[in-house]
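Below is one structure, written out as structure tokens; comments come after it.
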Amino acid sequence: MATAIEYFKLLPKTNCKDCGQPTCLAFAMLLANQKAKIEDCPHVSKESKAVLSESAAPLMRTVSVGTGGSAVEMGGETVIYRHERRFVNQTAYALTVCDDLEGKALEDRVNTVSALSFERVGMIFAADMISIKNVSGDPSRFAETAKAVSALWKKPFILETDDVSAMEKALEAVGKLRPMIYGAGPGNLDRMAALAKKHGCTLGIKADGPESAADLSVKAKAAGAEDLVLDLGCPNLKRCLEDQTVARRAAVKKKFKPLGYPLMNRVGCGEYAVAIAAVSTMKYGSLVIFDDLKNYEALPLMTLRQNIYTDPQVPIQVKQALYPIGNPGEHSPVMFTTNFSLTYFTVRADIEKSRIPVWLQIVNTEGLSVLTAYAAGKFEPEKVAEAFEESGVLSKTNGPVVVPGLVARMSGKLEEAIGRKVIVGTNESKHIPKHLKEITSQ
Amino acid sequence: MAEIPSVKEKYTGKIEEIVFGNCVAGGADGMPFLSFENTLKRRPMIAGEVVDDLTDYPEIAAEMFDGRQKDPVEWANMWKEIGADMICMRFPGAAPDKKGTTPDAAVSIVKSIAEKTGLPIMVTGCGIPDIDNKLAEAVGGAMKGTKIILGKTEEHEYKKISAVCVSNGHAVLAFSNLDINLAKQMNILLTDFGVGRDGITMDPLMAALGMGLDYSYSVNERIRLAALSGDRMLQVPMVCDCTGAWDVGDAVSTDDPSLGDAKHRVAWWEAMTALAAMLSGADILVMRGPGAADMARVYAEELTGVS
Amino acid sequence: MSVPPTVDGTASKYGIDSAEEISFLLEKVKAPDVPSLLALAAEGSDALVSLAKRCVRAASAKHGDNTILEYPETGYGVPSLYAWKGIERLTLRDATELLDSLDPAKNVTLEDGLAAGENAMYAADILEAITYIGAEEANRDGFIPDRVIRELGLSLVDETIPGAAVFLGDTESGNVARMAKDIQSKGMLGLVTSGTLSPGYAEKMRENDIAMGLDRMMYPLGNFTGIVHALNFDVRAALTFGGVTSGDREKLSSYLAKRPKVFVIKTGDLSRLEASIAFAALMHSAPIITDSDLPEVPGAVKSTEDLERMVQVGIEERGIIVTLEPLDLPVGYGPSFEGEVLRKPDTYMEAGGGRSTAFELLVSRNEGEIEDGRILLIGKDLDKISEGSVIPLAMIVEVYGRDMQSDLEPVMERRFHSGINFAEGIWHTGQRNSNWVRISKKAAAKGFRMTDLGKMLMHTVRKEFGKIVTRIQVTVITDPDEIERRLPAAKEIYGARDERMRGLKDDLVDCFYTCAMCQSFAPGHICIISPERLGLCGAINWLDAKAGNELAPSGPNMPVSMGVTLDSAKGEWSGVNEVVSSASSGTVERMCLYSLMDAPMTSCGCFEVIIAMTVDMQSVVLVDRDYLGMTPIGMKFSTLAGSIGGGRQTPGFMGVGRKYITSEKFIAAEGGLPRVSWMPKRLKEMLGEELGKRCQDLGIPDLMDKIADETITDDAEGLMAWMAEVDHPALHMEPLL
């Protein structure tokens, strides 16, 4: 990976701002962090561009399904372990809609998939794609179902069939929406690859282990299809973990191009399918297609995905706001802490344990934990007072204001800033229930 | 067929093996379950959690033990029937504002569990150092001759439990708070104190799914990678406590029907925490729910390739 | 009071009528140098072995030579033989064989002394064990049963009981009582011998009503060879708690070197018995503190004439850490009071803050100069000071520790602040002779006294630095004349410290330090802290890191030996590269301490200031965390921080601590301070004098005025124009790329 300076050397250094950045240096910084593309600079010389795209040549191809803002990107990964650098594109989950459904039944099915959605830490977790599966054996049905789904489902989808003529027909109907073509195997690779090339679609290859996947990807590339997703055909957890590890290491560490593509799994439904999906989410899968996924399976799985794909250097944050816990009233205590998600969840869980209603004010500390935020000057009494002001919590209750024990030293200044006495709370969250009982019994 | 370059890593380190009765923890010489580099065919041990006081124990979990959770020995025996490899006996009730379980009472519970189940045991207290030290001293002395794990020790509170372990041949549970350097420092402190290499297990804090699992997963991976790369002070078996899953609001909430059945959900919550723990290097998993424990064991067997 | 036994009485204890060895062993002798000490030990050892042989013969005759020799209530037979020689079962016949097999003592080398001591120990243990054959009396002075070890040993091993003192010899009764109280107040264990021909420690303790016994933490060991019970107690602690197996000498030695922490206090003239057993004590890593004219052996024998401080010296010699007693104050104390604001109307009394003369100082002294635990008040106490007073105040903490270094004084002194602020109603700010203290009306009403300030300081220093300083004396002064008298000396020390800081140069020290505190969120990052480059968070300089390492040797601050200098201009050393490479798991292979462009230090995320190359590649800008506006390179602090943080090495960009800017080594490889073309106005003001002085030193006094800020420009073109206008020195340097 090139550094900002290496990119900068190759830029025109005119600071023309045509890329949208105030200086070439700022643009170089974005390039180095993979937040900009070299194409964004209209003035870069051909020679530089060649050098730059070579040095920026991805170890793993990034492919996309769908069009515009709703497109799903997969691949583009650069490391083996998430502590090295953030994993780039999170595992996509697709649910199946079979082409033997029509009318109301089809609509219901699509609605069920759409309804599989949760909000957690201010983020929406949902299924990313629908895989339209050709079970009817009828190419026209397949195409019609695809068309019908595309009217009901606004996110990208996958066309799933081994039948080249069915695929062709469906693509004629919905190819403009850039669905993923899933079903290229040794028997139909050339024709499927031609279709992918023709419609500019990503092609899913069904292989049997890393070796065959490498063979097939080379052939597909030769046939003109470069946007590939490899299904290593892992039948169980062990193969999933080991084969996908082999593929990822070969691509990223050994720069082995034939495996430099995102990986996928086709599973059924139920417990074992979810277990494979969980392993694949942690270990290098970019797409899992399920027959079905229950809500109680989806929420933990999607939480796992969010955990694994979060930037290890950027903590997950919750919104600065007032969070009432357990119906607090006009005498309930006010507690506050930082917006680092872990801190929030821990404090929240401990307040809930006490069964005492509390107004919990979250203060935006850019995701830093209590002590770190305090040390960095992001958890100052003034900021806390501002957050109180914004939420109006102090007019909702005359209860005691509790300062986190670790930042007790802000209590004096906070008292001045809010014009109210404060109580120093506990150093550790786990002691909150006991402390709350003490202060509310007085 | 295309020739795939070898991706086997050449590690120089190996995780220490600790023998608990018929079970062995540790021994890995590659990243978890990768048979092309990890020569060990041994799955992580599953420890079923038993508590002496149900005050703070979630109702939804208690319901799964058919009333047998009221007697720790009976409860432990149920874990054995389910297929647990170890019992994690916790004494939250030793706290003065709880049941007030005495060291003698703890000894009798632990001894009975050992006799009844024949399984190895991990014993932790209520989190109040003075009480836990006395408890560990009593239990450790009474269990001399049968290797157990005693915890938890922390940076500023490890000497008593360590001394108990060294003198009675037990293993210390060395706790550190999500930080590879602190984990290492704990092991240095224990080693320096005279705890042998077969006497340390480390608990680098397994945060549950959605509660910081991302941190734990990476800390665990870094610990394991550093150990395999030759850092002797990190080559000790790793204990991952997955029971934190039951404290996650979204895992156990019954308020929102769109989240689906809570019992299934929390089972998955804990099982996925366990999967993340074992893929990142866990050698012993502490589990609360019987369903989740069973899933963890079955998946571990399959990933290892043994049953 | 019991009459001390005679020589014959002692002989009869071992089952023989008389023995000239006993008189020979007890005879008072002089050992002014090492050779004579070795000679005495050898003579003592041989005499003891000879005595033991006779007694074993007598016992065999009486009890039969198949009789097993062992102590009551132990699983370790004759413990010294069990532990050191691996002999788990010993009959009288075996004992004879064993004694016969011992080589006569030699007296040339230290090893000879240790061998003599070992033989003496076996002989003594056998002699004592003989006295238990067929004996029925319980609870007599002597052998300590296993059950006591099980009860107390664990506390001794985990240092709940910080250590044990063995009392041997003879001294004046008052001293005995004082020493006994001293160890009791520190929660230590006492092992007390009796006298043989005249009253010894045990007799004098009884005389002073100091309770002794198995449950009193003060054990009487008996007279003559009874001293061996201290040793057989020690080894059994290792066998019981250390997992040491019988006969594993190496493991036993290394365990005993660490714990239990035992030392021997030997007063009065020496005997041959004591000389030989003293070497056995050394085998057990127990140093001997003595008032007699023994030769000093570092770590082994320490002489002191100060009888009052023998226990203290023993504690220091053996590295015992005495448990901190809780702080007893009339007001609340803890971090929760740290944030209190004490306003004028609530103030009873104040000092300093420009209103009166005040200063605070921590200074190290020699061991004889201070008395541990002493708190002195010179001048009026708070009850004699009227409400609303502004008084002068000095707080002086004097410390001693074997490993104390004057470099650590300022580090410790800085802890006064939280140590005082933790008290409810007491407020402190500032430092040195610009400090400011207020005491609230409430605290005064609760009975707070000036000496309580002393208690807090003593507690703080002991709690934070007890591993380094073992003696602390605090003086609180409110007397104006005394303060004025002492102020010049304090100022001189402050000046010397500043001088020392200025003189601390990277090429004058033998190691740098790491700081790995940020690795939890920036795995690849490690700070290398040198005298001329502090940690990038600005919070930890080289001295802090050094103190950190002293306090927690396995903590985040590890010494880095620099190894081979690869490039002195860029600040590249082989040792630093190795540490950085290993800390980052090989991701970062090189680090140049003084360079921005070539392998700069990684940045975690806590940096105070970012250095960034300008777009014309001619100069650098500095931007600090508090500046929220745009910079001439087109990126704000937050954007830059997001791009360079997380432990990456980003040539052209680097996070640093603010104080590094005025260091002589500030990006020395790229031309140093004259490279800087822009920084936020407030940062410039904060650096103020230091920066001005640095410009002077560089011979470019007007450099300050040539560095632009946001009031002049915040874009690239504007900066280039400004630099041309003022003819900025960076324009005359090589481009950075």
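Labels for the structure tokens follow display order: chains A, B, ..., residues from 1 in each chain, ligands from 1.
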>> Could you list, as a count of residues only, every residue within 10 Å of range 143-147 of chain A, counting only C-alpha atoms and ignoring same-chain residues fewer than 5 positions away?
In response: 28
> Would you give me, as a PyMOL selection string, the residues in range 205-299 of chain B that DSSP reads as helix (DSSP H, G or I)?
Replying inline: chain B and resi 213-228+232-234+243-247+249-252+257-259+262-280+290-299
Restrict the calculation to only C-alpha atoms, then for each residue of chain B with any atom at most 7 Å from an atom of chain C give the closest atom pair and their distance in Å to one decimal, rows by chain and rising residue number, as a tab-separated table.
```
residue	atom	partner	partner_atom	distance
B:Lys159	CA	C:Asp158	CA	4.7
B:Lys160	CA	C:Asp158	CA	5.1
B:Ala163	CA	C:Asp158	CA	6.1
B:Val166	CA	C:Gly243	CA	5.7
B:Ser167	CA	C:Phe241	CA	3.7
B:Asp179	CA	C:Ser520	CA	5.3
B:Ile180	CA	C:Ser520	CA	6.9
B:Gln185	CA	C:Ser554	CA	5.9
B:Ile188	CA	C:Ser554	CA	6.9
B:Gly194	CA	C:Gly242	CA	6.8
```
Okay, now the selection with all heavy atoms, as a PDB file, in the first residue's frame?
```pdb
ATOM      1  N   LYS B 159      -1.628 -12.225  44.535  1.00  0.00           N
ATOM      2  CA  LYS B 159      -0.647 -13.004  45.285  1.00  0.00           C
ATOM      3  C   LYS B 159      -1.272 -14.141  46.079  1.00  0.00           C
ATOM      4  O   LYS B 159      -0.754 -15.252  46.089  1.00  0.00           O
ATOM      5  CB  LYS B 159       0.161 -12.081  46.186  1.00  0.00           C
ATOM      6  CG  LYS B 159       1.100 -11.211  45.376  1.00  0.00           C
ATOM      7  CD  LYS B 159       1.967 -10.344  46.234  1.00  0.00           C
ATOM      8  CE  LYS B 159       2.952  -9.567  45.356  1.00  0.00           C
ATOM      9  NZ  LYS B 159       3.664  -8.564  46.144  1.00  0.00           N
ATOM     10  N   LYS B 160      -2.382 -13.845  46.755  1.00  0.00           N
ATOM     11  CA  LYS B 160      -2.963 -14.888  47.603  1.00  0.00           C
ATOM     12  C   LYS B 160      -3.390 -16.088  46.750  1.00  0.00           C
ATOM     13  O   LYS B 160      -3.012 -17.228  47.025  1.00  0.00           O
ATOM     14  CB  LYS B 160      -4.150 -14.314  48.381  1.00  0.00           C
ATOM     15  CG  LYS B 160      -4.844 -15.318  49.283  1.00  0.00           C
ATOM     16  CD  LYS B 160      -3.999 -15.707  50.492  1.00  0.00           C
ATOM     17  CE  LYS B 160      -4.144 -14.718  51.637  1.00  0.00           C
ATOM     18  NZ  LYS B 160      -3.296 -15.007  52.770  1.00  0.00           N
ATOM     19  N   ALA B 163      -0.488 -17.971  45.362  1.00  0.00           N
ATOM     20  CA  ALA B 163       0.207 -18.780  46.371  1.00  0.00           C
ATOM     21  C   ALA B 163      -0.590 -20.045  46.657  1.00  0.00           C
ATOM     22  O   ALA B 163      -0.029 -21.141  46.787  1.00  0.00           O
ATOM     23  CB  ALA B 163       0.413 -17.971  47.652  1.00  0.00           C
ATOM     24  N   VAL B 166      -0.018 -22.382  43.653  1.00  0.00           N
ATOM     25  CA  VAL B 166       1.318 -22.994  43.616  1.00  0.00           C
ATOM     26  C   VAL B 166       1.427 -24.074  44.684  1.00  0.00           C
ATOM     27  O   VAL B 166       1.923 -25.169  44.436  1.00  0.00           O
ATOM     28  CB  VAL B 166       2.413 -21.925  43.808  1.00  0.00           C
ATOM     29  CG1 VAL B 166       3.771 -22.585  43.973  1.00  0.00           C
ATOM     30  CG2 VAL B 166       2.427 -20.973  42.625  1.00  0.00           C
ATOM     31  N   SER B 167       0.901 -23.772  45.874  1.00  0.00           N
ATOM     32  CA  SER B 167       1.116 -24.735  46.948  1.00  0.00           C
ATOM     33  C   SER B 167       0.217 -25.949  46.814  1.00  0.00           C
ATOM     34  O   SER B 167       0.495 -26.987  47.394  1.00  0.00           O
ATOM     35  CB  SER B 167       0.936 -24.065  48.310  1.00  0.00           C
ATOM     36  OG  SER B 167      -0.294 -23.409  48.373  1.00  0.00           O
ATOM     37  N   ASP B 179      -6.704  -6.086  26.797  1.00  0.00           N
ATOM     38  CA  ASP B 179      -5.477  -5.408  26.407  1.00  0.00           C
ATOM     39  C   ASP B 179      -4.342  -6.432  26.380  1.00  0.00           C
ATOM     40  O   ASP B 179      -4.022  -7.040  27.399  1.00  0.00           O
ATOM     41  CB  ASP B 179      -5.181  -4.291  27.422  1.00  0.00           C
ATOM     42  CG  ASP B 179      -3.981  -3.452  27.026  1.00  0.00           C
ATOM     43  OD1 ASP B 179      -2.989  -4.022  26.529  1.00  0.00           O
ATOM     44  OD2 ASP B 179      -4.019  -2.229  27.223  1.00  0.00           O
ATOM     45  N   ILE B 180      -3.750  -6.604  25.226  1.00  0.00           N
ATOM     46  CA  ILE B 180      -2.714  -7.623  25.078  1.00  0.00           C
ATOM     47  C   ILE B 180      -1.542  -7.364  26.024  1.00  0.00           C
ATOM     48  O   ILE B 180      -0.982  -8.288  26.610  1.00  0.00           O
ATOM     49  CB  ILE B 180      -2.236  -7.730  23.609  1.00  0.00           C
ATOM     50  CG1 ILE B 180      -1.177  -8.824  23.443  1.00  0.00           C
ATOM     51  CG2 ILE B 180      -1.731  -6.419  23.075  1.00  0.00           C
ATOM     52  CD1 ILE B 180      -0.810  -9.114  22.007  1.00  0.00           C
ATOM     53  N   GLN B 185       1.430  -8.706  30.887  1.00  0.00           N
ATOM     54  CA  GLN B 185       1.969  -8.264  32.174  1.00  0.00           C
ATOM     55  C   GLN B 185       1.485  -9.176  33.304  1.00  0.00           C
ATOM     56  O   GLN B 185       2.245  -9.531  34.199  1.00  0.00           O
ATOM     57  CB  GLN B 185       1.558  -6.821  32.438  1.00  0.00           C
ATOM     58  CG  GLN B 185       2.317  -6.228  33.618  1.00  0.00           C
ATOM     59  CD  GLN B 185       1.844  -4.830  33.964  1.00  0.00           C
ATOM     60  OE1 GLN B 185       0.996  -4.263  33.288  1.00  0.00           O
ATOM     61  NE2 GLN B 185       2.382  -4.277  35.031  1.00  0.00           N
ATOM     62  N   ILE B 188       3.497 -12.225  33.247  1.00  0.00           N
ATOM     63  CA  ILE B 188       4.853 -11.963  33.752  1.00  0.00           C
ATOM     64  C   ILE B 188       4.822 -11.899  35.278  1.00  0.00           C
ATOM     65  O   ILE B 188       5.652 -12.505  35.957  1.00  0.00           O
ATOM     66  CB  ILE B 188       5.417 -10.649  33.175  1.00  0.00           C
ATOM     67  CG1 ILE B 188       5.614 -10.773  31.670  1.00  0.00           C
ATOM     68  CG2 ILE B 188       6.721 -10.267  33.856  1.00  0.00           C
ATOM     69  CD1 ILE B 188       6.018  -9.476  30.991  1.00  0.00           C
ATOM     70  N   GLY B 194       6.306 -17.025  40.803  1.00  0.00           N
ATOM     71  CA  GLY B 194       6.651 -18.432  41.007  1.00  0.00           C
ATOM     72  C   GLY B 194       5.584 -19.396  40.512  1.00  0.00           C
ATOM     73  O   GLY B 194       5.674 -20.596  40.751  1.00  0.00           O
TER      74      GLY B 194
END
```
> Running DSSP on the backbone, which parts of range 236-454 of chain C land in strand (DSSP E or B), as an NGL selection string?
Replying inline: :C and (262-267 or 270-271 or 288-290 or 297 or 301-303 or 333 or 347-352 or 358-364 or 375-378 or 389-390 or 393-400 or 423 or 426-429 or 436-440)
Using 8 Å as the limit and counting only C-alpha atoms, can you tabulate each residue of chain B that touches chain A, with its shortest atom-to-atom distance in Å and the two atoms involved, as a Markdown table?
```
| residue | atom | partner | partner_atom | distance |
| --- | --- | --- | --- | --- |
| B:Met1 | CA | A:Asp215 | CA | 6.1 |
| B:Ala2 | CA | A:Asp215 | CA | 5.7 |
| B:Glu3 | CA | A:Glu211 | CA | 7.1 |
| B:Ile4 | CA | A:Glu211 | CA | 6.7 |
| B:Pro5 | CA | A:Ala250 | CA | 6.4 |
| B:Ser6 | CA | A:Ala250 | CA | 7.5 |
| B:Val7 | CA | A:Arg249 | CA | 6.1 |
| B:Phe33 | CA | A:Lys238 | CA | 7.7 |
| B:Leu34 | CA | A:Glu242 | CA | 5.8 |
| B:Ser35 | CA | A:Glu242 | CA | 7.7 |
| B:Leu209 | CA | A:Leu304 | CA | 6.3 |
| B:Gly210 | CA | A:Thr303 | CA | 5.9 |
| B:Met211 | CA | A:Leu342 | CA | 5.7 |
| B:Gly212 | CA | A:Leu342 | CA | 6.0 |
| B:Leu213 | CA | A:Asn307 | CA | 6.4 |
| B:Asp214 | CA | A:Asn307 | CA | 4.8 |
| B:Tyr215 | CA | A:Pro312 | CA | 7.4 |
| B:Ser218 | CA | A:His83 | CA | 5.8 |
| B:Glu221 | CA | A:Tyr81 | CA | 7.9 |
| B:Arg222 | CA | A:His83 | CA | 7.9 |
| B:Asp247 | CA | A:Ala349 | CA | 6.9 |
| B:Val248 | CA | A:Ala349 | CA | 7.3 |
| B:Gly249 | CA | A:Ala349 | CA | 7.1 |
| B:Ala251 | CA | A:Pro300 | CA | 7.7 |
| B:Ser258 | CA | A:Asn295 | CA | 7.0 |
| B:Leu259 | CA | A:Asn295 | CA | 5.6 |
| B:Gly260 | CA | A:Tyr296 | CA | 4.7 |
| B:Asp261 | CA | A:Tyr296 | CA | 6.1 |
| B:Ala262 | CA | A:Tyr296 | CA | 7.2 |
| B:His264 | CA | A:Tyr296 | CA | 6.3 |
| B:Arg265 | CA | A:Tyr296 | CA | 4.6 |
| B:Trp268 | CA | A:Pro300 | CA | 6.6 |
| B:Trp269 | CA | A:Pro300 | CA | 5.6 |
| B:Met272 | CA | A:Ala278 | CA | 7.1 |
| B:Leu275 | CA | A:Val279 | CA | 7.5 |
| B:Ala276 | CA | A:Met282 | CA | 7.5 |
| B:Tyr299 | CA | A:Leu237 | CA | 7.5 |
| B:Glu302 | CA | A:Lys238 | CA | 6.4 |
| B:Leu303 | CA | A:Lys238 | CA | 4.5 |
| B:Thr304 | CA | A:Lys238 | CA | 7.3 |
| B:Gly305 | CA | A:Lys238 | CA | 7.3 |
```
Considering only C-alpha atoms, give me a table of residues in chain A that are at most 10 Å from chain C, with the closest atom pair and distance in Å for each, as JSON lines.
```
{"residue": "A:Ala2", "atom": "CA", "partner": "C:Thr650", "partner_atom": "CA", "distance": 9.9}
{"residue": "A:Thr3", "atom": "CA", "partner": "C:Thr650", "partner_atom": "CA", "distance": 6.5}
{"residue": "A:Ala4", "atom": "CA", "partner": "C:Thr650", "partner_atom": "CA", "distance": 7.2}
{"residue": "A:Ile5", "atom": "CA", "partner": "C:Pro651", "partner_atom": "CA", "distance": 6.5}
{"residue": "A:Glu6", "atom": "CA", "partner": "C:Pro651", "partner_atom": "CA", "distance": 9.0}
{"residue": "A:Phe8", "atom": "CA", "partner": "C:Val615", "partner_atom": "CA", "distance": 8.9}
{"residue": "A:Lys9", "atom": "CA", "partner": "C:Leu737", "partner_atom": "CA", "distance": 8.0}
{"residue": "A:Lys13", "atom": "CA", "partner": "C:Val615", "partner_atom": "CA", "distance": 7.1}
{"residue": "A:Thr14", "atom": "CA", "partner": "C:Val615", "partner_atom": "CA", "distance": 8.9}
{"residue": "A:Asn15", "atom": "CA", "partner": "C:Val615", "partner_atom": "CA", "distance": 8.0}
{"residue": "A:Lys17", "atom": "CA", "partner": "C:Gly634", "partner_atom": "CA", "distance": 10.0}
{"residue": "A:Gln21", "atom": "CA", "partner": "C:Gly634", "partner_atom": "CA", "distance": 7.3}
{"residue": "A:Pro22", "atom": "CA", "partner": "C:Gly634", "partner_atom": "CA", "distance": 4.9}
{"residue": "A:Thr23", "atom": "CA", "partner": "C:Gly634", "partner_atom": "CA", "distance": 5.5}
{"residue": "A:Cys24", "atom": "CA", "partner": "C:Val615", "partner_atom": "CA", "distance": 7.1}
{"residue": "A:Leu25", "atom": "CA", "partner": "C:Val615", "partner_atom": "CA", "distance": 5.9}
{"residue": "A:Ala26", "atom": "CA", "partner": "C:Gly634", "partner_atom": "CA", "distance": 6.0}
{"residue": "A:Phe27", "atom": "CA", "partner": "C:Gly634", "partner_atom": "CA", "distance": 9.2}
{"residue": "A:Met29", "atom": "CA", "partner": "C:Ser643", "partner_atom": "CA", "distance": 7.0}
{"residue": "A:Leu30", "atom": "CA", "partner": "C:Ser643", "partner_atom": "CA", "distance": 8.0}
{"residue": "A:Ala32", "atom": "CA", "partner": "C:Ser643", "partner_atom": "CA", "distance": 8.7}
{"residue": "A:Asn33", "atom": "CA", "partner": "C:Ser643", "partner_atom": "CA", "distance": 6.9}
{"residue": "A:His83", "atom": "CA", "partner": "C:Pro523", "partner_atom": "CA", "distance": 7.1}
{"residue": "A:Glu84", "atom": "CA", "partner": "C:Pro523", "partner_atom": "CA", "distance": 7.9}
{"residue": "A:Arg85", "atom": "CA", "partner": "C:Gly646", "partner_atom": "CA", "distance": 9.1}
{"residue": "A:Pro312", "atom": "CA", "partner": "C:Phe521", "partner_atom": "CA", "distance": 7.3}
{"residue": "A:Gln313", "atom": "CA", "partner": "C:Gly646", "partner_atom": "CA", "distance": 5.9}
{"residue": "A:Val314", "atom": "CA", "partner": "C:Phe521", "partner_atom": "CA", "distance": 8.9}
{"residue": "A:Pro315", "atom": "CA", "partner": "C:Phe521", "partner_atom": "CA", "distance": 9.3}
{"residue": "A:Thr372", "atom": "CA", "partner": "C:Cys606", "partner_atom": "CA", "distance": 8.9}
{"residue": "A:Ala375", "atom": "CA", "partner": "C:Cys606", "partner_atom": "CA", "distance": 9.0}
{"residue": "A:Ala376", "atom": "CA", "partner": "C:Cys606", "partner_atom": "CA", "distance": 7.1}
{"residue": "A:Gly377", "atom": "CA", "partner": "C:Asp626", "partner_atom": "CA", "distance": 9.1}
{"residue": "A:Val403", "atom": "CA", "partner": "C:Ser336", "partner_atom": "CA", "distance": 9.4}
{"residue": "A:Pro404", "atom": "CA", "partner": "C:Ser336", "partner_atom": "CA", "distance": 9.5}
{"residue": "A:Gly405", "atom": "CA", "partner": "C:Ser336", "partner_atom": "CA", "distance": 6.5}
{"residue": "A:Leu406", "atom": "CA", "partner": "C:Pro335", "partner_atom": "CA", "distance": 8.1}
{"residue": "A:Val407", "atom": "CA", "partner": "C:Gly339", "partner_atom": "CA", "distance": 8.2}
{"residue": "A:Ala408", "atom": "CA", "partner": "C:Ser336", "partner_atom": "CA", "distance": 5.0}
{"residue": "A:Arg409", "atom": "CA", "partner": "C:Gly339", "partner_atom": "CA", "distance": 3.1}
{"residue": "A:Met410", "atom": "CA", "partner": "C:Gly339", "partner_atom": "CA", "distance": 5.2}
{"residue": "A:Ser411", "atom": "CA", "partner": "C:Gly339", "partner_atom": "CA", "distance": 5.2}
{"residue": "A:Gly412", "atom": "CA", "partner": "C:Glu340", "partner_atom": "CA", "distance": 4.6}
{"residue": "A:Lys413", "atom": "CA", "partner": "C:Val341", "partner_atom": "CA", "distance": 7.1}
{"residue": "A:Leu414", "atom": "CA", "partner": "C:Gly339", "partner_atom": "CA", "distance": 9.3}
{"residue": "A:Glu415", "atom": "CA", "partner": "C:Val341", "partner_atom": "CA", "distance": 9.1}
{"residue": "A:Glu416", "atom": "CA", "partner": "C:Val341", "partner_atom": "CA", "distance": 9.0}
{"residue": "A:Ile423", "atom": "CA", "partner": "C:Ser336", "partner_atom": "CA", "distance": 9.0}
{"residue": "A:Val424", "atom": "CA", "partner": "C:Ser336", "partner_atom": "CA", "distance": 6.0}
{"residue": "A:Gly425", "atom": "CA", "partner": "C:Ser336", "partner_atom": "CA", "distance": 8.2}
{"residue": "A:Thr426", "atom": "CA", "partner": "C:Ser336", "partner_atom": "CA", "distance": 8.9}
{"residue": "A:Asn427", "atom": "CA", "partner": "C:Ser336", "partner_atom": "CA", "distance": 9.2}
```
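Computed from the coordinates, the CA of Leu54 in chain B to CA of Thr440 in chain A distance equals 24.6 Å.
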> At what distance in Å, to one decimal, does CA of Lys463 in chain C lie from CA of Lys302 in chain C?
Replying inline: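 For CA of Lys302 in chain C relative to CA of Lys463 in chain C, the distance reads 26.9 Å.
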>> Just the number, please: distance in Å from CA of Pro328 in chain A to CA of Asn398 in chain A, one decimal.
In response: 11.4 Å
> Using only C-alpha atoms, which residues sit within 8 Å of Leu293 in chain A once same-chain residues fewer than 6 positions away are excluded, as a ChimeraX atom specification?
Replying inline: /A:95,269-270,274
> Residues at most 10 Å from Ala76 in chain B, counting only C-alpha atoms, excluding those fewer than 2 positions away in the same chain, as a list in words?
Replying inline: Gly48, Glu49, Val50, Val51, Arg68, Gln69, Asp71, Pro72, Val73, Glu74, Met78, Trp79, Lys80, Glu81, Ile82, Ala84, Met86, Ile87, Cys88, Met89, Val110, Ser112, Ile113, Ala114, Lys116, Thr117, Leu119 and Ile121 of chain B
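Counting only C-alpha atoms, Glu578 in chain C has the following residues at most 12 Å away, ignoring those fewer than 4 positions along the same chain: C:Thr514, C:Ile526, C:Ile528, C:Val560, C:Ser561, C:Met562, C:Gly563, C:Val564, C:Glu572, C:Trp573, C:Ser574, C:Ser582, C:Ala583, C:Ser584, C:Ser585, C:Gly586, C:Thr587, C:Val588, C:Glu589, C:Arg590, C:Met591.
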>> Excluding Ala105 in chain B and its own-chain neighbours fewer than 4 positions away, which residues fall within 12 Å of it when counting only C-alpha atoms? Please give them as a ChimeraX atom specification.
In response: /B:52,72,91,93-94,99-101,109-112,134-135,138-139,142
